[in-house]
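Some notes on the structure that comes next.
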Amino acid sequence: MAIKAVLFDLDGTLLPMDQNQFLKGYFGLLTEKMVKSGYDAKTFMKALLTGTDAMVANDGAMTNEALFWREFGKFYTPKTLPPITLFDEFYEKDFPKTRAFCGYDARPRKIVDAVKEKGLLSVLATAPAFPAIATETRMGYVGLSPDDFLLYTTYENCTYCKPSEGYYREVLAKIGCAPSECLMVGNDVTDDMVPASAVGMQVFLLTDYLINKNGADISAYRHGNYDDLLCFIQSL
């Protein structure tokens with residue numbers, strides 16, 4: 001069946017980065033903000049990581065946002081819980097500093113434009129463990145915006161997370177496409193290739209910032225760098 005939609009991962013795919021370096025920098029900035037506001041660093045990090053792990057294991061019963069705050073809140077009393085306004089302030093003023101932990105490449109913009117020129121739907125299928133403002137900020141690092149996508153996944157609008165197959169089925173339901181009509185583009189074998197293939201999507205493994213935790217044989221997947229991906233999109 002012909003491809004109707006191209007789903008893109010963000011971190012390490014459209015947005016060049018070393019994921020470990022980015023997460024270290026991001027968590028460092030967020031923790032610094034909380035410590036300056038009077039919160040204990042160790043307790044905060046335990047709460048943050050517990051909430052994040054809960055989102056990864058989400059079974060669809062509630063949004064990732066609701067699940068994160070439920071688990072995060074277990075480390076505090078109602079009186080000691082960091083207010084949501086403090087997080088809002090962080091994402092507005094401090095999160096943009098994470099640009100220092102990311103690279104830049106003009107080709108992702110060209111690739112998304114090529115999808116549009118082909119008359120295909122473009123979806124940002126990034127791990128929905130961030131609030132929308134953080135996802136919008138990161139896509140802006142490579143000259144992309146919410147208007148470039150039919151859908152971009154965030155912790156507010158998803159009830160599953162990568163690498164769950166449920167996440168991919170949820171995205172399919174939101175965009176109204178059959179699995180065989182979709183191409184999933186990502187750099188992570190475990191989070192992108194394995195589950196997307198399992199639900200029946202076509203896949204492309206971007207190798208510029210490859211993550212292959214289990215040392216899988218990537219010859220099982222269509223793969224290549226940014227230039228190869230652009231050529232493939234143009235050939236659709």
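Quick note on naming: the chains in the structure tokens go A, B, ... in the order shown, residues restart at 1 in each chain, and ligands are numbered from 1 in order of appearance.
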
> Any idea what's packed within 8 Å of range 174-180 of chain A, counting only C-alpha atoms, ignoring anything in its chain fewer than 4 positions away? Could you give it as a list in words?
Replying inline: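 Within the cut-off, the hits are Met1, Ala2, Ile3, Lys4, Ala5, Leu150, Leu151, Glu170, Val199, Gly200, Met201 and Gln202 of chain A.
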
>> For Asp53 in chain A, find every residue with an atom within 10 Å (counting only C-alpha atoms), except residues of its own chain fewer than 4 positions away, and show them as a list in words.
In response: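 Here the answer would be Ala47, Leu48, Leu49, Ala57, Asn58, Phe68, Glu71, Ala129 and Cys161 of chain A.
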
Go ahead and write the residues just picked, all heavy atoms, as an mmCIF file, in the first residue's frame.
```
data_model
loop_
_atom_site.group_PDB
_atom_site.id
_atom_site.type_symbol
_atom_site.label_atom_id
_atom_site.label_comp_id
_atom_site.auth_asym_id
_atom_site.auth_seq_id
_atom_site.Cartn_x
_atom_site.Cartn_y
_atom_site.Cartn_z
ATOM 1 N N ALA A 47 12.038 11.688 42.342
ATOM 2 C CA ALA A 47 10.657 11.918 41.927
ATOM 3 C C ALA A 47 10.562 12.059 40.415
ATOM 4 O O ALA A 47 9.662 11.494 39.772
ATOM 5 C CB ALA A 47 10.115 13.170 42.602
ATOM 6 N N LEU A 48 11.498 12.793 39.823
ATOM 7 C CA LEU A 48 11.496 13.020 38.375
ATOM 8 C C LEU A 48 11.695 11.716 37.607
ATOM 9 O O LEU A 48 10.962 11.427 36.651
ATOM 10 C CB LEU A 48 12.606 14.012 38.022
ATOM 11 C CG LEU A 48 12.760 14.375 36.542
ATOM 12 C CD1 LEU A 48 11.535 15.130 36.044
ATOM 13 C CD2 LEU A 48 14.025 15.224 36.337
ATOM 14 N N LEU A 49 12.669 10.924 38.026
ATOM 15 C CA LEU A 49 12.954 9.668 37.329
ATOM 16 C C LEU A 49 11.836 8.645 37.532
ATOM 17 O O LEU A 49 11.510 7.884 36.617
ATOM 18 C CB LEU A 49 14.296 9.101 37.801
ATOM 19 C CG LEU A 49 15.518 9.945 37.420
ATOM 20 C CD1 LEU A 49 16.778 9.347 38.036
ATOM 21 C CD2 LEU A 49 15.666 10.041 35.904
ATOM 22 N N ALA A 57 6.170 3.118 31.062
ATOM 23 C CA ALA A 57 5.408 1.889 31.300
ATOM 24 C C ALA A 57 3.895 2.099 31.226
ATOM 25 O O ALA A 57 3.131 1.174 31.525
ATOM 26 C CB ALA A 57 5.783 1.314 32.663
ATOM 27 N N ASN A 58 3.455 3.276 30.822
ATOM 28 C CA ASN A 58 2.022 3.585 30.816
ATOM 29 C C ASN A 58 1.240 2.568 29.983
ATOM 30 O O ASN A 58 1.670 2.181 28.897
ATOM 31 C CB ASN A 58 1.784 4.998 30.273
ATOM 32 C CG ASN A 58 0.433 5.557 30.661
ATOM 33 O OD1 ASN A 58 -0.430 4.865 31.202
ATOM 34 N ND2 ASN A 58 0.231 6.840 30.382
ATOM 35 N N PHE A 68 2.519 10.998 35.237
ATOM 36 C CA PHE A 68 3.765 11.578 35.740
ATOM 37 C C PHE A 68 3.534 12.304 37.047
ATOM 38 O O PHE A 68 4.241 12.082 38.032
ATOM 39 C CB PHE A 68 4.372 12.545 34.724
ATOM 40 C CG PHE A 68 5.566 13.293 35.263
ATOM 41 C CD1 PHE A 68 6.818 12.709 35.256
ATOM 42 C CD2 PHE A 68 5.428 14.558 35.830
ATOM 43 C CE1 PHE A 68 7.930 13.379 35.791
ATOM 44 C CE2 PHE A 68 6.522 15.234 36.364
ATOM 45 C CZ PHE A 68 7.765 14.645 36.339
ATOM 46 N N GLU A 71 2.782 10.024 40.101
ATOM 47 C CA GLU A 71 3.948 9.344 40.654
ATOM 48 C C GLU A 71 4.958 10.325 41.243
ATOM 49 O O GLU A 71 5.557 10.073 42.285
ATOM 50 C CB GLU A 71 4.610 8.482 39.574
ATOM 51 C CG GLU A 71 3.720 7.354 39.064
ATOM 52 C CD GLU A 71 3.248 6.449 40.187
ATOM 53 O OE1 GLU A 71 4.100 5.972 40.968
ATOM 54 O OE2 GLU A 71 2.022 6.234 40.301
ATOM 55 N N ALA A 129 7.167 12.211 26.472
ATOM 56 C CA ALA A 129 7.511 12.346 27.887
ATOM 57 C C ALA A 129 7.790 13.802 28.249
ATOM 58 O O ALA A 129 8.204 14.095 29.371
ATOM 59 C CB ALA A 129 8.733 11.486 28.213
ATOM 60 N N CYS A 161 3.839 5.427 25.786
ATOM 61 C CA CYS A 161 5.135 6.021 25.491
ATOM 62 C C CYS A 161 5.967 5.008 24.709
ATOM 63 O O CYS A 161 5.669 3.808 24.711
ATOM 64 C CB CYS A 161 5.834 6.419 26.793
ATOM 65 S SG CYS A 161 7.050 7.747 26.630
#
```

> Between A:Ala220, A:Ile211, A:Leu14, A:Leu124, which is the closest to Ala106 in chain A once you count only C-alpha atoms?
Replying inline: A:Leu14

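With only C-alpha atoms as the atoms that count, the residue of A:Ala114, A:Val35, A:Val194, A:Val185 with the shortest distance to Thr207 in chain A is A:Val185.
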
> Mind checking DSSP for range 53-143 of chain A and telling me the strand (DSSP E or B) residues as a list of chain:residue names?
Replying inline: A:Cys102, A:Leu121, A:Ser122, A:Val123, A:Leu124

Spatial neighbours of Met17 in chain A, max dist 8 Å, only C-alpha atoms, sep filter under 4 positions, as a tab-separated table (two decimals) with C-alpha atoms, in the first residue's frame:
```tsv
chain	number	residue	atom	x	y	z
A	11	ASP	CA	15.70	13.68	19.29
A	12	GLY	CA	18.59	12.24	17.29
A	21	GLN	CA	24.52	14.43	26.69
A	22	PHE	CA	21.17	16.14	26.14
A	101	PHE	CA	23.40	20.23	24.00
A	102	CYS	CA	22.02	19.85	20.47
A	103	GLY	CA	23.54	20.11	17.02
A	209	TYR	CA	22.89	9.50	15.44
```

>> If I take CA of Phe232 in chain A and CA of Ile218 in chain A, how far is one from the other in Å, to one decimal?
In response: 17.2 Å

>> Applying 9 Å and only C-alpha atoms, which residues near Tyr91 in chain A remain after dropping the ones on its own chain fewer than 5 positions away? List them as a list in words.
In response: Leu30, Leu86, Pro96, Pro131, Ile133, Ala134 and Thr137 of chain A

>> If you run DSSP on the backbone here, which positions in range 79-110 of chain A get helix (DSSP H, G or I)? Please write them as a PyMOL selection string.
In response: chain A and resi 84-101+107-110

>> For Phe87 in chain A, find every residue with an atom within 10 Å (counting only C-alpha atoms), except residues of its own chain fewer than 6 positions away, and show them as a ChimeraX atom specification.
In response: /A:30,33-34,93-95

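In terms of minimum interatomic distance to Asp18 in chain A, A:Asp208 ranks closest within A:Glu92, A:Asp208, A:Asp217, A:Asp228, counting only C-alpha atoms.
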
> What's the 12 Å shell around Tyr76 in chain A, counting only C-alpha atoms, without same-chain residues fewer than 3 positions away, as a PyMOL selection string?
Replying inline: chain A and resi 39-40+43-44+46-48+69-73+79-83

Those same residues, written as a compact mmCIF listing (two decimals), in the first residue's frame with all heavy atoms?
```txt
# COMPACT_ATOMS: atom_id res chain seq x y z
N TYR A 39 14.37 23.28 46.91
CA TYR A 39 14.02 21.86 46.96
C TYR A 39 15.27 20.99 46.96
O TYR A 39 16.29 21.33 46.34
CB TYR A 39 13.13 21.50 45.77
CG TYR A 39 11.80 22.21 45.83
CD1 TYR A 39 11.61 23.42 45.18
CD2 TYR A 39 10.75 21.69 46.58
CE1 TYR A 39 10.41 24.10 45.26
CE2 TYR A 39 9.53 22.36 46.67
CZ TYR A 39 9.37 23.57 46.01
OH TYR A 39 8.18 24.24 46.11
N ASP A 40 15.21 19.88 47.67
CA ASP A 40 16.33 18.96 47.79
C ASP A 40 16.59 18.26 46.46
O ASP A 40 15.67 17.70 45.85
CB ASP A 40 16.03 17.91 48.87
CG ASP A 40 17.13 16.89 48.99
OD1 ASP A 40 18.22 17.23 49.47
OD2 ASP A 40 16.89 15.72 48.59
N THR A 43 15.91 14.21 46.36
CA THR A 43 14.48 13.88 46.38
C THR A 43 13.84 14.25 45.05
O THR A 43 13.04 13.48 44.50
CB THR A 43 13.77 14.64 47.51
OG1 THR A 43 14.37 14.28 48.76
CG2 THR A 43 12.29 14.32 47.54
N PHE A 44 14.21 15.41 44.53
CA PHE A 44 13.62 15.85 43.26
C PHE A 44 13.98 14.89 42.13
O PHE A 44 13.13 14.52 41.33
CB PHE A 44 14.09 17.27 42.91
CG PHE A 44 13.62 17.70 41.56
CD1 PHE A 44 12.30 18.06 41.35
CD2 PHE A 44 14.50 17.70 40.48
CE1 PHE A 44 11.86 18.43 40.08
CE2 PHE A 44 14.07 18.07 39.22
CZ PHE A 44 12.74 18.43 39.01
N LYS A 46 14.81 11.74 42.30
CA LYS A 46 14.11 10.47 42.48
C LYS A 46 12.67 10.59 42.00
O LYS A 46 12.14 9.71 41.32
CB LYS A 46 14.13 10.05 43.95
CG LYS A 46 15.48 9.53 44.44
CD LYS A 46 15.40 9.11 45.91
CE LYS A 46 16.75 8.60 46.42
NZ LYS A 46 16.67 8.23 47.86
N ALA A 47 12.04 11.69 42.34
CA ALA A 47 10.66 11.92 41.93
C ALA A 47 10.56 12.06 40.42
O ALA A 47 9.66 11.49 39.77
CB ALA A 47 10.12 13.17 42.60
N LEU A 48 11.50 12.79 39.82
CA LEU A 48 11.50 13.02 38.38
C LEU A 48 11.69 11.72 37.61
O LEU A 48 10.96 11.43 36.65
CB LEU A 48 12.61 14.01 38.02
CG LEU A 48 12.76 14.38 36.54
CD1 LEU A 48 11.54 15.13 36.04
CD2 LEU A 48 14.03 15.22 36.34
N TRP A 69 2.52 13.18 37.09
CA TRP A 69 2.31 13.98 38.29
C TRP A 69 1.81 13.14 39.46
O TRP A 69 2.13 13.44 40.62
CB TRP A 69 1.35 15.13 37.99
CG TRP A 69 2.01 16.17 37.14
CD1 TRP A 69 1.71 16.48 35.85
CD2 TRP A 69 3.11 17.00 37.50
NE1 TRP A 69 2.56 17.46 35.38
CE2 TRP A 69 3.43 17.80 36.39
CE3 TRP A 69 3.86 17.16 38.67
CZ2 TRP A 69 4.45 18.74 36.39
CZ3 TRP A 69 4.88 18.09 38.68
CH2 TRP A 69 5.17 18.86 37.56
N ARG A 70 1.08 12.08 39.17
CA ARG A 70 0.65 11.19 40.26
C ARG A 70 1.86 10.54 40.92
O ARG A 70 1.95 10.51 42.16
CB ARG A 70 -0.28 10.10 39.71
CG ARG A 70 -0.91 9.23 40.80
CD ARG A 70 -1.64 8.05 40.21
NE ARG A 70 -0.71 7.00 39.76
CZ ARG A 70 -1.09 5.86 39.19
NH1 ARG A 70 -2.38 5.64 38.95
NH2 ARG A 70 -0.19 4.97 38.81
N GLU A 71 2.78 10.02 40.10
CA GLU A 71 3.95 9.34 40.65
C GLU A 71 4.96 10.32 41.24
O GLU A 71 5.56 10.07 42.29
CB GLU A 71 4.61 8.48 39.57
CG GLU A 71 3.72 7.35 39.06
CD GLU A 71 3.25 6.45 40.19
OE1 GLU A 71 4.10 5.97 40.97
OE2 GLU A 71 2.02 6.23 40.30
N PHE A 72 5.14 11.45 40.59
CA PHE A 72 6.04 12.48 41.09
C PHE A 72 5.58 12.98 42.46
O PHE A 72 6.38 13.16 43.39
CB PHE A 72 6.07 13.64 40.08
CG PHE A 72 6.95 14.79 40.49
CD1 PHE A 72 8.29 14.81 40.15
CD2 PHE A 72 6.44 15.88 41.20
CE1 PHE A 72 9.11 15.89 40.51
CE2 PHE A 72 7.24 16.95 41.56
CZ PHE A 72 8.58 16.96 41.22
N GLY A 73 4.28 13.15 42.61
CA GLY A 73 3.72 13.70 43.84
C GLY A 73 3.85 12.81 45.05
O GLY A 73 3.73 13.28 46.19
N LYS A 79 1.76 20.15 50.84
CA LYS A 79 2.36 21.44 51.17
C LYS A 79 3.78 21.61 50.62
O LYS A 79 4.23 22.73 50.39
CB LYS A 79 2.38 21.63 52.69
CG LYS A 79 1.01 21.84 53.31
CD LYS A 79 1.12 22.13 54.79
CE LYS A 79 -0.24 22.40 55.42
NZ LYS A 79 -0.15 22.70 56.87
N THR A 80 4.50 20.49 50.41
CA THR A 80 5.89 20.59 49.96
C THR A 80 6.05 20.33 48.46
O THR A 80 7.15 20.45 47.93
CB THR A 80 6.78 19.58 50.72
OG1 THR A 80 6.32 18.24 50.45
CG2 THR A 80 6.74 19.86 52.21
N LEU A 81 4.97 19.97 47.77
CA LEU A 81 5.02 19.67 46.34
C LEU A 81 5.42 20.91 45.55
O LEU A 81 4.80 21.97 45.70
CB LEU A 81 3.66 19.19 45.86
CG LEU A 81 3.55 18.78 44.38
CD1 LEU A 81 4.35 17.52 44.12
CD2 LEU A 81 2.09 18.59 43.99
N PRO A 82 6.47 20.81 44.71
CA PRO A 82 6.85 21.96 43.87
C PRO A 82 5.67 22.39 43.00
O PRO A 82 5.05 21.55 42.35
CB PRO A 82 8.00 21.42 43.02
CG PRO A 82 8.57 20.29 43.82
CD PRO A 82 7.39 19.67 44.50
N PRO A 83 5.33 23.66 42.96
CA PRO A 83 4.18 24.11 42.19
C PRO A 83 4.40 24.00 40.69
O PRO A 83 5.52 24.15 40.20
CB PRO A 83 4.02 25.58 42.62
CG PRO A 83 5.39 25.99 43.01
CD PRO A 83 6.01 24.77 43.65
```
